[in-house]
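Text of the file start_10.txt, holding compact mmCIF, C-alpha atoms:
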```txt
# COMPACT_ATOMS: atom_id res chain seq x y z
CA MET A 1 98.13 71.56 134.50
CA ILE A 2 94.65 70.38 133.57
CA LYS A 3 92.62 73.01 131.75
CA ARG A 4 89.38 74.03 133.47
CA ASP A 5 88.27 76.51 130.81
CA PHE A 6 84.57 76.02 131.63
CA TYR A 7 85.10 77.56 135.07
CA LEU A 8 87.89 79.93 134.09
CA LYS A 9 85.58 81.61 131.59
CA LYS A 10 83.02 82.10 134.36
CA LEU A 11 85.59 83.83 136.55
CA ILE A 12 86.71 86.05 133.68
CA LYS A 13 83.12 86.92 132.79
CA ASN A 14 82.38 88.03 136.36
CA MET A 15 85.50 90.11 136.99
CA TRP A 16 84.72 93.50 138.53
CA ASN A 17 80.98 92.81 138.61
CA GLY A 18 80.66 94.44 142.04
CA GLU A 19 80.05 91.11 143.78
CA ILE A 20 82.12 88.65 145.77
CA LYS A 21 82.96 85.60 143.68
CA VAL A 22 82.42 82.48 145.80
CA ILE A 23 83.96 79.26 144.47
CA THR A 24 82.42 76.17 146.06
CA GLY A 25 82.76 72.44 145.54
CA ILE A 26 83.75 69.15 147.14
CA ARG A 27 87.21 69.16 148.69
CA ARG A 28 90.07 68.23 146.35
CA CYS A 29 88.07 68.92 143.18
CA GLY A 30 90.41 71.70 142.04
CA LYS A 31 88.96 74.95 143.43
CA SER A 32 92.28 76.26 144.72
CA VAL A 33 94.11 75.37 141.51
CA LEU A 34 91.41 77.14 139.52
CA LEU A 35 91.82 80.35 141.51
CA PHE A 36 95.49 80.36 142.56
CA ASP A 37 96.97 78.91 139.39
CA LEU A 38 94.70 79.12 136.36
CA PHE A 39 92.99 82.43 137.12
CA TYR A 40 96.17 83.87 138.65
CA ASN A 41 98.14 83.02 135.49
CA TYR A 42 95.38 84.50 133.36
CA LEU A 43 95.62 87.79 135.27
CA LEU A 44 99.39 87.85 134.84
CA SER A 45 98.96 87.23 131.11
CA GLN A 46 96.68 90.28 130.98
CA GLY A 47 99.36 92.52 132.47
CA VAL A 48 98.23 92.48 136.11
CA GLU A 49 101.27 92.86 138.36
CA ASP A 50 101.90 90.11 140.89
CA ASN A 51 101.81 92.49 143.86
CA ARG A 52 98.27 93.53 142.88
CA ILE A 53 97.01 90.01 143.57
CA LEU A 54 96.65 89.42 147.31
CA ARG A 55 96.60 85.67 148.03
CA LEU A 56 95.64 84.28 151.43
CA GLU A 57 95.55 80.49 151.83
CA LEU A 58 93.94 79.93 155.20
CA ASP A 59 94.83 76.24 155.39
CA GLN A 60 98.54 77.17 155.32
CA ARG A 61 100.30 77.88 158.63
CA ARG A 62 101.84 81.17 157.49
CA PHE A 63 98.33 82.54 156.91
CA TYR A 64 96.70 81.29 160.13
CA LYS A 65 96.56 84.80 161.58
CA PHE A 66 94.17 85.82 158.82
CA ARG A 67 91.60 83.35 160.12
CA ASN A 68 90.76 86.31 162.36
CA PRO A 69 88.49 88.31 160.00
CA ILE A 70 89.42 91.68 161.53
CA THR A 71 93.11 90.96 161.00
CA LEU A 72 92.36 89.94 157.42
CA CYS A 73 90.32 93.07 156.73
CA GLU A 74 92.85 95.45 158.26
CA TYR A 75 95.70 93.84 156.30
CA VAL A 76 93.89 94.26 152.97
CA GLU A 77 92.69 97.79 153.76
CA GLY A 78 96.22 98.81 154.68
CA ILE A 79 97.38 97.89 151.18
CA ILE A 80 94.55 99.14 149.01
CA ASN A 81 94.10 102.43 150.91
CA ASN A 82 97.74 103.32 150.29
CA ASN A 83 97.32 102.79 146.55
CA LYS A 84 93.81 103.95 145.72
CA ASP A 85 94.63 104.50 142.07
CA GLU A 86 95.61 100.85 141.61
CA LYS A 87 93.27 97.93 141.15
CA TYR A 88 93.71 94.89 143.40
CA PHE A 89 92.47 91.31 143.45
CA LEU A 90 91.93 89.46 146.73
CA PHE A 91 92.00 85.64 146.79
CA VAL A 92 90.96 83.93 150.05
CA ASP A 93 91.29 80.16 150.02
CA GLU A 94 89.32 77.84 152.35
CA VAL A 95 87.38 80.67 153.97
CA GLN A 96 85.52 78.20 156.20
CA PHE A 97 88.60 78.13 158.46
CA THR A 98 87.89 81.66 159.69
CA ILE A 99 86.51 82.28 163.16
CA LYS A 100 84.05 84.74 164.64
CA VAL A 101 85.61 87.40 166.89
CA LYS A 102 84.47 90.35 168.95
CA ASP A 103 85.21 93.79 167.55
CA GLU A 104 86.35 95.59 170.69
CA ASP A 105 86.61 98.91 168.83
CA ASN A 106 82.88 98.78 168.09
CA GLY A 107 81.28 97.80 171.38
CA GLY A 108 82.40 94.17 171.36
CA ILE A 109 80.00 93.17 168.59
CA GLU A 110 80.69 89.73 167.13
CA VAL A 111 81.84 89.80 163.51
CA SER A 112 82.48 87.07 160.95
CA VAL A 113 84.52 86.89 157.79
CA TYR A 114 81.34 87.62 155.86
CA ASP A 115 81.00 90.98 157.60
CA MET A 116 84.59 91.83 156.74
CA LEU A 117 84.36 90.65 153.12
CA ASN A 118 81.16 92.64 152.64
CA GLU A 119 83.06 95.65 153.94
CA LEU A 120 85.99 95.02 151.59
CA LYS A 121 83.64 94.57 148.65
CA SER A 122 82.64 98.21 148.90
CA TYR A 123 86.11 99.32 147.78
CA LYS A 124 86.03 100.24 144.11
CA ASN A 125 89.63 99.20 143.57
CA LEU A 126 89.25 95.67 144.98
CA ASP A 127 87.80 92.55 143.34
CA VAL A 128 87.19 89.72 145.86
CA TYR A 129 87.31 85.94 145.31
CA VAL A 130 86.91 83.24 147.98
CA THR A 131 86.86 79.45 147.97
CA GLY A 132 85.27 77.06 150.43
CA SER A 133 84.27 73.43 150.73
CA ASN A 134 81.67 73.70 153.45
CA SER A 135 78.32 74.15 151.75
CA LYS A 136 76.66 74.97 155.07
CA MET A 137 78.76 78.11 155.11
CA LEU A 138 79.18 78.77 151.44
CA SER A 139 76.19 77.46 149.54
CA LYS A 140 72.89 77.51 151.37
CA ASP A 141 73.62 80.77 153.14
CA ILE A 142 75.56 82.65 150.46
CA SER A 143 72.74 85.04 149.63
CA THR A 144 72.20 85.74 153.34
CA GLU A 145 75.82 85.99 154.46
CA PHE A 146 76.90 88.13 151.51
CA ARG A 147 73.63 90.08 151.54
CA GLY A 148 72.64 89.01 148.07
CA ARG A 149 75.79 90.43 146.53
CA SER A 150 77.78 87.38 145.55
CA THR A 151 78.32 85.26 142.47
CA GLN A 152 78.62 81.55 143.15
CA ILE A 153 80.76 79.40 140.87
CA HIS A 154 80.36 75.74 141.77
CA VAL A 155 83.22 73.46 140.73
CA TYR A 156 82.81 69.74 140.12
CA PRO A 157 85.46 67.05 139.75
CA LEU A 158 86.82 66.70 136.23
CA SER A 159 84.24 66.11 133.54
CA PHE A 160 85.16 63.44 131.02
CA SER A 161 85.96 66.20 128.53
CA GLU A 162 88.45 67.75 130.98
CA PHE A 163 89.81 64.33 131.89
CA TYR A 164 90.32 63.35 128.26
CA SER A 165 91.89 66.68 127.31
CA TYR A 166 94.69 65.73 129.71
CA THR A 167 94.99 61.98 129.18
CA GLY A 168 94.33 61.74 125.44
CA GLY A 169 94.65 58.36 123.72
CA ASP A 170 91.83 56.04 122.72
CA LYS A 171 88.50 57.56 123.76
CA ARG A 172 86.88 54.28 124.77
CA THR A 173 89.86 53.24 126.89
CA ALA A 174 89.96 56.65 128.56
CA PHE A 175 86.25 56.45 129.30
CA GLU A 176 86.59 53.00 130.86
CA GLN A 177 89.20 54.44 133.20
CA TYR A 178 86.92 57.39 133.96
CA MET A 179 84.00 55.07 134.73
CA LEU A 180 86.19 53.23 137.23
CA TYR A 181 88.21 55.99 138.90
CA GLY A 182 86.21 59.15 138.21
CA GLY A 183 87.47 62.69 137.88
CA MET A 184 89.24 63.78 141.06
CA PRO A 185 92.16 65.72 139.51
CA ARG A 186 94.90 63.93 141.46
CA ILE A 187 93.91 60.65 139.80
CA THR A 188 95.40 61.81 136.49
CA ALA A 189 98.87 61.96 138.10
CA LEU A 190 98.72 58.39 139.42
CA ASN A 191 99.67 55.55 137.10
CA ASP A 192 99.39 52.57 139.42
CA GLU A 193 95.90 51.10 139.83
CA ASN A 194 96.47 50.37 143.52
CA GLU A 195 97.61 53.97 144.10
CA LYS A 196 94.42 55.27 142.53
CA LYS A 197 92.25 53.02 144.67
CA ALA A 198 94.17 53.89 147.83
CA TYR A 199 93.95 57.63 147.08
CA LEU A 200 90.17 57.56 146.60
CA LYS A 201 89.61 55.41 149.68
CA ASN A 202 91.78 57.73 151.75
CA LEU A 203 89.89 60.79 150.48
CA TYR A 204 86.63 59.19 151.46
CA ASP A 205 87.62 57.91 154.88
CA GLU A 206 90.05 60.56 156.07
CA LEU A 207 88.57 63.68 154.51
CA TYR A 208 84.89 63.51 153.62
CA ILE A 209 83.63 61.22 156.38
CA LYS A 210 85.62 63.01 159.07
CA ASP A 211 84.49 66.40 157.76
CA ILE A 212 80.83 65.41 157.93
CA VAL A 213 81.17 63.86 161.38
CA GLU A 214 83.09 66.79 162.88
CA ARG A 215 81.06 69.53 161.22
CA ASN A 216 77.74 68.11 162.35
CA ASN A 217 78.83 66.56 165.66
CA LEU A 218 77.57 63.15 164.61
CA GLU A 219 77.57 60.39 167.19
CA ARG A 220 76.97 57.52 164.78
CA GLU A 221 79.73 57.47 162.19
CA ASP A 222 78.93 53.81 161.61
CA VAL A 223 75.38 54.69 160.58
CA LEU A 224 76.64 57.43 158.26
CA ASN A 225 78.93 54.91 156.58
CA ALA A 226 76.08 52.43 156.23
CA ILE A 227 73.83 55.09 154.66
CA LEU A 228 76.52 56.10 152.18
CA ASP A 229 77.16 52.45 151.32
CA PHE A 230 73.46 52.04 150.59
CA ALA A 231 73.31 55.23 148.51
CA ALA A 232 76.38 54.09 146.55
CA SER A 233 74.78 50.72 145.80
CA GLN A 234 71.50 52.37 144.74
CA ILE A 235 72.60 55.07 142.27
CA GLY A 236 70.01 55.32 139.53
CA SER A 237 67.36 53.66 141.70
CA LEU A 238 64.45 55.29 143.48
CA THR A 239 64.61 55.31 147.26
CA ASN A 240 63.75 57.37 150.32
CA PRO A 241 64.86 57.66 153.96
CA THR A 242 62.19 55.21 155.10
CA ASN A 243 63.32 52.55 152.65
CA ILE A 244 66.93 53.09 153.69
CA SER A 245 66.12 52.97 157.41
CA ASN A 246 64.15 49.74 156.93
CA ALA A 247 67.01 48.17 154.98
CA LEU A 248 69.59 49.20 157.58
CA THR A 249 67.39 48.05 160.44
CA SER A 250 67.15 44.63 158.82
CA MET A 251 70.87 44.38 158.04
CA ARG A 252 72.14 45.68 161.38
CA ASN A 253 69.55 44.17 163.72
CA GLU A 254 68.97 47.53 165.39
CA LYS A 255 66.35 50.19 164.85
CA ILE A 256 67.59 52.99 162.58
CA ASN A 257 64.93 55.69 162.32
CA SER A 258 64.17 57.48 159.08
CA ALA A 259 64.67 60.94 160.63
CA MET A 260 68.32 60.10 161.31
CA VAL A 261 68.73 58.78 157.77
CA SER A 262 67.19 61.94 156.33
CA SER A 263 69.49 64.16 158.40
CA TYR A 264 72.61 62.19 157.53
CA LEU A 265 71.76 62.27 153.83
CA SER A 266 71.35 66.06 154.02
CA TYR A 267 74.80 66.34 155.65
CA ALA A 268 76.34 64.35 152.80
CA ILE A 269 74.61 66.63 150.30
CA ASP A 270 75.88 69.69 152.21
CA ALA A 271 79.40 68.27 151.88
CA PHE A 272 78.87 68.00 148.08
CA LEU A 273 79.47 64.24 148.29
CA ILE A 274 76.09 63.26 146.83
CA GLU A 275 73.22 65.05 145.11
CA MET A 276 69.50 64.36 145.08
CA ALA A 277 67.26 64.40 142.00
CA LYS A 278 63.54 64.84 142.68
CA ARG A 279 60.75 63.13 140.74
CA TYR A 280 58.62 65.32 138.48
CA ASP A 281 55.21 64.50 137.01
CA VAL A 282 55.62 65.56 133.39
CA LYS A 283 51.91 65.94 132.65
CA GLY A 284 50.72 66.96 136.11
CA LYS A 285 53.59 69.46 136.39
CA THR A 286 54.10 68.69 140.08
CA TYR A 287 56.89 67.24 142.20
CA PHE A 288 56.67 64.13 144.32
CA ASN A 289 58.06 64.27 147.85
CA TYR A 290 59.39 60.69 147.66
CA PRO A 291 61.00 58.58 146.40
CA ASN A 292 63.99 60.33 144.83
CA LYS A 293 67.33 59.35 143.32
CA TYR A 294 70.78 59.98 144.77
CA TYR A 295 73.89 60.37 142.65
CA TYR A 296 77.54 60.60 143.65
CA THR A 297 79.35 63.82 142.76
CA ASP A 298 82.29 61.69 141.61
CA ILE A 299 81.81 58.16 140.33
CA GLY A 300 85.30 57.14 141.43
CA LEU A 301 84.42 57.95 145.03
CA ARG A 302 81.26 55.89 144.66
CA ASN A 303 83.21 52.90 143.35
CA ALA A 304 85.79 53.27 146.12
CA ARG A 305 82.98 53.36 148.66
CA LEU A 306 81.90 49.89 147.48
CA ASN A 307 85.50 48.67 147.18
CA TYR A 308 84.92 48.22 143.42
CA ARG A 309 82.63 45.26 144.06
CA GLN A 310 79.56 46.62 142.27
CA PHE A 311 80.57 47.79 138.80
CA ASP A 312 77.27 48.21 136.97
CA PRO A 313 77.98 50.20 133.79
CA GLY A 314 74.34 51.16 133.17
CA HIS A 315 73.88 52.92 136.51
CA ILE A 316 77.41 54.35 136.43
CA MET A 317 76.70 55.81 133.00
CA GLU A 318 73.47 57.35 134.32
CA ASN A 319 75.36 58.95 137.23
CA ILE A 320 77.97 60.39 134.87
CA ILE A 321 75.28 61.86 132.60
CA TYR A 322 73.55 63.44 135.60
CA ASN A 323 76.82 65.02 136.74
CA GLU A 324 77.48 66.38 133.27
CA LEU A 325 74.04 67.98 133.08
CA VAL A 326 74.16 69.67 136.49
CA ARG A 327 77.75 70.78 135.88
CA LYS A 328 76.51 72.73 132.88
CA GLY A 329 73.97 74.48 135.08
CA TYR A 330 70.81 72.75 133.95
CA SER A 331 67.92 71.98 136.28
CA VAL A 332 67.63 68.18 136.28
CA ASP A 333 64.72 66.08 137.56
CA VAL A 334 63.64 62.46 137.27
CA GLY A 335 60.60 62.37 135.01
CA VAL A 336 57.39 60.41 135.59
CA VAL A 337 54.74 59.93 132.94
CA THR A 338 51.54 57.90 133.40
CA ASP A 339 50.78 55.23 130.84
CA ARG A 340 46.97 54.96 130.59
CA ARG A 341 46.87 52.51 127.74
CA HIS A 342 45.27 49.08 128.11
CA SER A 343 42.79 50.33 130.77
CA GLU A 344 45.39 50.65 133.50
CA LYS A 345 47.62 53.33 134.96
CA ILE A 346 51.34 52.59 135.01
CA GLN A 347 53.95 55.15 136.00
CA ARG A 348 56.87 55.07 133.61
CA GLU A 349 60.17 56.79 134.21
CA ILE A 350 62.16 59.23 132.12
CA ASP A 351 65.70 59.27 133.45
CA PHE A 352 66.13 63.03 133.17
CA VAL A 353 63.88 66.01 132.54
CA VAL A 354 66.35 68.80 131.74
CA ASN A 355 65.31 72.44 131.89
CA ASP A 356 67.21 75.50 130.76
CA ALA A 357 65.00 78.57 131.22
CA ASP A 358 62.08 78.00 128.82
CA ARG A 359 63.76 75.11 127.03
CA ARG A 360 63.32 71.47 127.95
CA ILE A 361 64.62 68.13 126.80
CA TYR A 362 63.94 64.57 127.90
CA ILE A 363 66.87 62.18 128.22
CA GLN A 364 66.93 58.42 128.56
CA SER A 365 70.22 56.75 129.52
CA ALA A 366 70.70 53.36 127.86
CA TYR A 367 74.06 51.60 128.03
CA ARG A 368 72.84 49.32 125.26
CA MET A 369 69.60 48.50 123.47
CA ASP A 370 70.39 45.14 121.90
CA ASN A 371 66.93 43.62 121.71
CA GLU A 372 63.34 44.73 121.03
CA LYS A 373 62.21 44.33 124.64
CA LYS A 374 65.00 46.57 125.90
CA GLU A 375 64.36 49.12 123.16
CA SER A 376 60.63 49.24 123.93
CA SER A 377 61.30 49.62 127.64
CA GLU A 378 63.68 52.55 127.11
CA LEU A 379 61.67 54.43 124.47
CA GLN A 380 58.02 54.13 125.45
CA SER A 381 58.18 56.66 128.31
CA LEU A 382 59.62 59.28 125.93
CA GLN A 383 56.80 58.65 123.49
CA LEU A 384 54.15 59.17 126.18
CA THR A 385 55.00 62.77 127.06
CA GLY A 386 52.58 64.18 124.50
CA ASP A 387 54.60 67.30 123.80
CA PHE A 388 57.10 68.52 121.24
CA PHE A 389 60.19 68.98 123.38
CA LYS A 390 63.34 67.26 122.13
CA LYS A 391 63.78 63.65 123.22
CA ILE A 392 67.20 62.03 123.45
CA VAL A 393 68.45 58.52 124.10
CA ILE A 394 72.11 58.56 125.16
CA ARG A 395 73.72 55.22 124.29
CA MET A 396 77.05 53.48 124.52
CA ASP A 397 76.33 50.89 121.81
CA ILE A 398 76.18 53.11 118.72
CA PRO A 399 79.17 54.43 116.73
CA HIS A 400 77.55 57.76 115.88
CA SER A 401 74.43 59.80 116.61
CA PHE A 402 71.24 59.71 114.53
CA TYR A 403 67.49 60.46 114.50
CA ASP A 404 65.14 57.51 114.27
CA GLU A 405 61.82 57.34 112.39
CA ASN A 406 59.94 58.65 115.44
CA GLY A 407 62.08 61.77 115.73
CA LEU A 408 64.00 60.55 118.77
CA PHE A 409 67.66 61.55 118.80
CA HIS A 410 70.02 58.66 119.60
CA CYS A 411 73.24 60.19 120.89
CA ASN A 412 76.59 58.47 121.33
CA LEU A 413 77.64 58.79 124.99
CA ILE A 414 81.25 59.77 124.39
CA ASP A 415 80.22 62.35 121.77
CA PHE A 416 77.82 63.80 124.35
CA LEU A 417 80.48 63.95 127.06
CA LEU A 418 83.09 65.42 124.74
CA GLU A 419 80.56 68.06 123.75
CA ASP A 420 80.65 67.06 120.10
CA THR A 421 76.84 67.12 120.13
CA ASP A 422 74.66 70.08 121.15
CA ILE A 423 71.75 68.47 123.00
CA PHE A 424 69.60 71.60 122.75
```

Starting from the coordinates I provided, produce the structure as structure tokens.
Amino acid sequence: MIKRDFYLKKLIKNMWNGEIKVITGIRRCGKSVLLFDLFYNYLLSQGVEDNRILRLELDQRRFYKFRNPITLCEYVEGIINNNKDEKYFLFVDEVQFTIKVKDEDNGGIEVSVYDMLNELKSYKNLDVYVTGSNSKMLSKDISTEFRGRSTQIHVYPLSFSEFYSYTGGDKRTAFEQYMLYGGMPRITALNDENEKKAYLKNLYDELYIKDIVERNNLEREDVLNAILDFAASQIGSLTNPTNISNALTSMRNEKINSAMVSSYLSYAIDAFLIEMAKRYDVKGKTYFNYPNKYYYTDIGLRNARLNYRQFDPGHIMENIIYNELVRKGYSVDVGVVTDRRHSEKIQREIDFVVNDADRRIYIQSAYRMDNEKKESSELQSLQLTGDFFKKIVIRMDIPHSFYDENGLFHCNLIDFLLEDTDIF
């Protein structure tokens, strides 16, 4: 069992907080294991009796009847009302499989699982936890559906720290494997390289693509695949729907409009397959509408998407750093700073502007800086910010972290990912 202490601590912290705990994330990233194994075992270790933990896995045939939210609610109420002096936990897995039904006992009004869970939440002796993979149901609309009374815990594929805690061995070797195959938990149980590749490709084709197509009634699966191929090849590069539509139009010899590209990208984001980082003007303190950057939630899925043909360690490293920052809950943007030296205006990029409440840091991702030209290119944007926030260069080519003569912190990538260095 792979430890997911980062998320387990969040669940423990929010126990009995009066809200529904909603665990979201891309399918197969470990949400069910977190709730039904790790958190369940924690409760048992704290003396909670097994029969006080009600577990409903809606993707399992024996629980299909509870996809009817009224049936689910009545089942739970029947148990907790008979034992009002006992505290109960309710786990509902894959809640997106529920259906809307008419409540014939109340004038035939249509009710959803959210109505029923909001009703169950009012019981003082019940603590409710649900998981779901469909962000359209369980991310954007959480505050609306649960009437502002929910706590969202978003789960990502394994971080390198979680991955390495399970695999062990030489850190550099482990990281090379992580860069290639990513952090989908099942990968750690597969030893054969071809099995790993086949697993990731199958996840992509048979799970994520089909989910997006079916959920959004898409007519052009081929266009969706082309868009995701383009996004996978462009991680770490600025782009926008118009650029993508122009590129696809040229490659496919048919007109692909930017509105379709924009919609299909949003569906992939809703499915937690990719994320978008917006550009932020550091000095002007404003956001640009376009272009933006797109990153894959799991780098192994990205590599599988390209059939491992485009292994560019610099951009892969940047994607992994982005995932690590957002996993920790930071607000992450792509920074832009204008260089007005030499009587011209040049926009220079800072890979990440990271905000945590009133704290900010600037991060540049540099796989290696092995010559003066490369060093100047990577560092000058950090030196142009004109403020006193911490500035970090995360690198793969240094054995340990250090501050340079300009006060910039050069951080070893693996130390950063293994949390041996506190960036703030």

Q: Have a look at A:Ile350, A:Leu43, A:Leu413, A:Val92 and name the one nearest to Ile12 (chain A); count all atoms listed in the file.
A: A:Leu43

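The smallest atom-to-atom distance between Ile363 (chain A) and any of A:Ile320, A:Asp50, A:Ile423, A:Gly314, using only C-alpha atoms, is found for A:Ile423.
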
Q | Nearest residue to Glu176 (chain A) from the set A:Phe311, A:Leu117, A:Arg220, A:Tyr296 (distances using all atoms listed in the file) | A |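 Result for the nearest residue to Glu176 (chain A): A:Phe311.
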
For a cut-off of 12 Å around (99.5, 82.8, 140.5), file coordinates, pick out all residues using all atoms listed in the file and list them as an mmCIF file with C-alpha atoms, in the frame of the given file.
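The resulting result25.cif:
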```
data_model
loop_
_atom_site.group_PDB
_atom_site.id
_atom_site.type_symbol
_atom_site.label_atom_id
_atom_site.label_comp_id
_atom_site.auth_asym_id
_atom_site.auth_seq_id
_atom_site.Cartn_x
_atom_site.Cartn_y
_atom_site.Cartn_z
ATOM 1 C CA SER A 32 92.280 76.260 144.720
ATOM 2 C CA VAL A 33 94.110 75.370 141.510
ATOM 3 C CA LEU A 34 91.410 77.140 139.520
ATOM 4 C CA LEU A 35 91.820 80.350 141.510
ATOM 5 C CA PHE A 36 95.490 80.360 142.560
ATOM 6 C CA ASP A 37 96.970 78.910 139.390
ATOM 7 C CA LEU A 38 94.700 79.120 136.360
ATOM 8 C CA PHE A 39 92.990 82.430 137.120
ATOM 9 C CA TYR A 40 96.170 83.870 138.650
ATOM 10 C CA ASN A 41 98.140 83.020 135.490
ATOM 11 C CA TYR A 42 95.380 84.500 133.360
ATOM 12 C CA LEU A 43 95.620 87.790 135.270
ATOM 13 C CA LEU A 44 99.390 87.850 134.840
ATOM 14 C CA SER A 45 98.960 87.230 131.110
ATOM 15 C CA VAL A 48 98.230 92.480 136.110
ATOM 16 C CA GLU A 49 101.270 92.860 138.360
ATOM 17 C CA ASP A 50 101.900 90.110 140.890
ATOM 18 C CA ASN A 51 101.810 92.490 143.860
ATOM 19 C CA ARG A 52 98.270 93.530 142.880
ATOM 20 C CA ILE A 53 97.010 90.010 143.570
ATOM 21 C CA LEU A 54 96.650 89.420 147.310
ATOM 22 C CA ARG A 55 96.600 85.670 148.030
ATOM 23 C CA LEU A 56 95.640 84.280 151.430
ATOM 24 C CA PHE A 89 92.470 91.310 143.450
ATOM 25 C CA LEU A 90 91.930 89.460 146.730
ATOM 26 C CA PHE A 91 92.000 85.640 146.790
#
```

Q: Quick one: everything within 12 Å of region 60-69 of chain A, counting only C-alpha atoms, minus sequence neighbours fewer than 4 positions away in the same chain. Send it as an NGL selection string.
A: :A and (54-56 or 73-76 or 92-103 or 110-120)

(Q) List as JSON, numbers by chain the protein and nucleic acid residues near Arg368 (chain A), meaning an atom at most 6 Å away when all atoms listed in the file are counted, but skip any in the same chain fewer than 2 places from it. (A) {"A": [366, 370, 396, 397]}

Q | Atom pair CA of Asp358 (chain A) / CA of Ser401 (chain A): separation (Å) | A | 25.2 Å

Q: Take CA of Asn289 (chain A) and CA of Ile212 (chain A) and report the distance between them in Å, one decimal.
A: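 Straight-line distance from CA of Asn289 (chain A) to CA of Ile212 (chain A) works out to 24.9 Å.
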
Q. Contacts of region 159-175 of chain A at 8 Å or less, counting all atoms listed in the file, minus same-chain residues fewer than 3 places along, as a PyMOL selection string?
A. chain A and resi 2-4+156+178-179+183+188+324+414+417-419

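Taking CA of Val22 (chain A) as the reference point, CA of Phe146 (chain A) is found at 9.7 Å.
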
Need the shell around region 377-387 of chain A: protein/DNA/RNA residues with any atom at most 9 Å away, counting all atoms listed in the file. Skip same-chain ones fewer than 4 positions apart. Format as a PDB file with C-alpha atoms, in the coordinates of the input?
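Done, and the output landed in result.pdb:
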```pdb
ATOM      1  CA  VAL A 282      55.620  65.560 133.390  1.00  0.00           C
ATOM      2  CA  LYS A 283      51.910  65.940 132.650  1.00  0.00           C
ATOM      3  CA  VAL A 336      57.390  60.410 135.590  1.00  0.00           C
ATOM      4  CA  VAL A 337      54.740  59.930 132.940  1.00  0.00           C
ATOM      5  CA  THR A 338      51.540  57.900 133.400  1.00  0.00           C
ATOM      6  CA  ASP A 339      50.780  55.230 130.840  1.00  0.00           C
ATOM      7  CA  GLN A 347      53.950  55.150 136.000  1.00  0.00           C
ATOM      8  CA  ARG A 348      56.870  55.070 133.610  1.00  0.00           C
ATOM      9  CA  GLU A 349      60.170  56.790 134.210  1.00  0.00           C
ATOM     10  CA  ILE A 350      62.160  59.230 132.120  1.00  0.00           C
ATOM     11  CA  TYR A 362      63.940  64.570 127.900  1.00  0.00           C
ATOM     12  CA  ILE A 363      66.870  62.180 128.220  1.00  0.00           C
ATOM     13  CA  GLN A 364      66.930  58.420 128.560  1.00  0.00           C
ATOM     14  CA  SER A 365      70.220  56.750 129.520  1.00  0.00           C
ATOM     15  CA  ALA A 366      70.700  53.360 127.860  1.00  0.00           C
ATOM     16  CA  MET A 369      69.600  48.500 123.470  1.00  0.00           C
ATOM     17  CA  GLU A 372      63.340  44.730 121.030  1.00  0.00           C
ATOM     18  CA  LYS A 373      62.210  44.330 124.640  1.00  0.00           C
ATOM     19  CA  LYS A 391      63.780  63.650 123.220  1.00  0.00           C
ATOM     20  CA  ILE A 392      67.200  62.030 123.450  1.00  0.00           C
ATOM     21  CA  VAL A 393      68.450  58.520 124.100  1.00  0.00           C
ATOM     22  CA  ASN A 406      59.940  58.650 115.440  1.00  0.00           C
ATOM     23  CA  LEU A 408      64.000  60.550 118.770  1.00  0.00           C
TER      24      LEU A 408
END
```

Q. Closest to Thr297 (chain A) among A:Asp222, A:Asn106, A:Pro157, A:Ser266, using only C-alpha atoms?
A.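 Among the listed residues, A:Pro157 lies closest to Thr297 (chain A).
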